Amino acid sequence: MKLQSFKYICTVVLMGLLFTSCLDDLNTEPLNKKKPLNTNVYTTVDGYRGVLAKCYGSLILNGQDGPDKDGDVGGMDTGYSGYTRSLFYLQECSTDEIVLHSGSSQGSWDLLFMNWNASTKIISYSYYRLFMSINYCNEFLRESTDSNLKSRGLYEDLKDEMPYYRAEARFIRAYCYSMICDLYGSAPFVDETMAIGTIPQQSTRENIYNYVVAETEALAADLKAPGTNQYGRIDQAAAWFLLSRVYLNAEAWVGKKEYEKAYQYSKKIIDSNTYPLASDYRHIFLADNNTCKEIIWNLPQDGVNTINSAGTNFILKALTNGSMNVHTGLSSSWGNARIKTQLVDMFDVSDQTFDEKDTWGDKKKDKRAQFYSTKHTKETWIVGSNFQATKFENGYATIKWRNMTKDRKPLEAEGTTYSSIDYPMFRTADAYLMAAEAVLRGASGSRSDALKYVNEIRDRAYMSGAYGDGVSGRINDSQLTLDFILDERARELHTELVRRTDLIRFNKFTKGYNWDWKGGDGSIGAYVGKDVDDKYNLFPIPQDEFSVNPYLTQNPDYSK
């Protein structure tokens, strides 16, 4: 089924696993040293394709032998350090969306209580994973120049596709630097022009931001036109999306108001209609979502070739367990993460609970409210008790992600042990909401345009208007505020790795808006939530970095 639809990407990802680079572009980066670069890899066309696939695969897979063996990032927990899993901890578990009931040994409770420091292990996983991916992209770009291709007798075979390959590697690198800018701010900078073994100098947050926008603007025209690339590879629309996201956050990151640019790039995605909204919100998070046209950039996964404890396999298993498995299409799960009360309360009360006679929520008004409440309480804490480390019934679960197909059946060929859901990195609904927000922040579009964008998302969520005959969820102009946009983003995009970034952009991450356990310590009465120090708007550079790179300066207030 799905394997055929992205035969290319799966084949080359698997081949790419055979020759992981151990190049020392970053002395600060603990890469896997067990698998040296095969000296023959750059002697064939497939070898080059394999290295490009490794650039993509570094964000999908977390190890060389799977599941969770021989991890890419040396010295790191292989399961925890998978990219989307490590980012889930930072972007979701530090916010009003997710409560973690287990895993304190890695520092995940520090995220729950918002009291992490530079030595908190879980903070470092995204950092090293991102720089590892940057390293792979630098290696590919260094070896894929025209002169190298000609000297190896491969220029004629690759001259037509190589410009696209190089643009894609540059895009992945720019995306990684955008996340470095978001999460850590100031950090080392390295590209393919630097000599191998060079200890990189630290670049300011503004310089990293400027690099990302300049690089993405430049490479956008070199990517394939929207909708024309092979499944699992990016195109121009992905560059438009990344630019829109980065420009939308420019004021929060570097004090620049770039809302007009954010609006224009979001509008390009919407107006192109290459990636139209899915007809049903629930289809985006299923095992056959490779047929969903809304996803602009995906990380392909299947239950045979990409098995690991990161990606959608982690999200599915962390958010469900026990009796929920029959509804999600997996044979086993962990259940160590739950939804916080604040997110549940953003939905209508009638949509908050699970109905055993309506397991897909067809009778709900808002189909995005896929909560599982059987034997669970909405509250994440028990009055008069300390933090309940093993009470997985505290907080609702969610079955937003299902390892099932649109016909609501489990997969047969790929099994039910691991997820086959492709991870949607960028999707069009987010572009609609970014466009609306940019208008409210001063971009040139009209309020009526912004309202239209929001109501298009809500029509789809409620299966009303052009999407069905459901009860209308439309809002009027007086309801269209930035606070509404923030809540709508939570309803639409929860567990999709953007919540922390959103809260910071709206000045509600550290102060002015509180949620369960924020600023607490797990003791009785410390579950209500309180304001915390503004230093938490950035994560610290991992403490281990300072032992190998003398050029680094820690983010403000973390060195005290």
# chains A, B, ... in the order shown; residues from 1 in each chain; ligands from 1
>>> select_by_dssp(residues="region 93-321 of chain A", states="strand (DSSP E)", output="ChimeraX atom specification")
/A:98-100,187-188,202-203,295-299
>>> closest_atom_pairs(of="region 403-508 of chain A", to="region 255-262 of chain A", cutoff="9 Å", atoms="only C-alpha atoms", output="Markdown table")
| residue | atom | partner | partner_atom | distance |
| --- | --- | --- | --- | --- |
| A:Met434 | CA | A:Ala262 | CA | 7.4 |
| A:Ala435 | CA | A:Ala262 | CA | 7.0 |
| A:Glu437 | CA | A:Tyr259 | CA | 8.6 |
| A:Ala438 | CA | A:Tyr259 | CA | 5.1 |
| A:Val439 | CA | A:Tyr259 | CA | 7.5 |
| A:Arg441 | CA | A:Tyr259 | CA | 6.7 |
| A:Gly442 | CA | A:Tyr259 | CA | 6.7 |
| A:Ala443 | CA | A:Glu260 | CA | 4.4 |
| A:Ser444 | CA | A:Glu260 | CA | 6.4 |
| A:Gly445 | CA | A:Glu260 | CA | 8.7 |
>>> residues_around(residues="Gln201 (chain A)", least_positions_apart="5", cutoff="7 Å", atoms="only C-alpha atoms", output="NGL selection string")
:A and (188-189 or 551)
>>> residues_around(residues="Lys317 (chain A)", least_positions_apart="4", cutoff="9 Å", atoms="only C-alpha atoms", output="list in words")
Ser309, Thr312, Asn313, Asn321, Asn325, Leu330, Ser332, Ser333, Trp334, Gly335, Asn336, Ala337 and Ser419 of chain A
>>> residues_around(residues="Asp430 (chain A)", least_positions_apart="6", cutoff="9 Å", atoms="only C-alpha atoms", output="PyMOL selection string")
chain A and resi 241+266+489+492-493
>>> select_by_dssp(residues="region 69-312 of chain A", states="helix (DSSP H, G or I)", output="PyMOL selection string")
chain A and resi 83-91+104-106+108-113+121-143+146-151+155-158+162-183+205-220+236-248+250-254+259-272+281-285+289-291+311-312
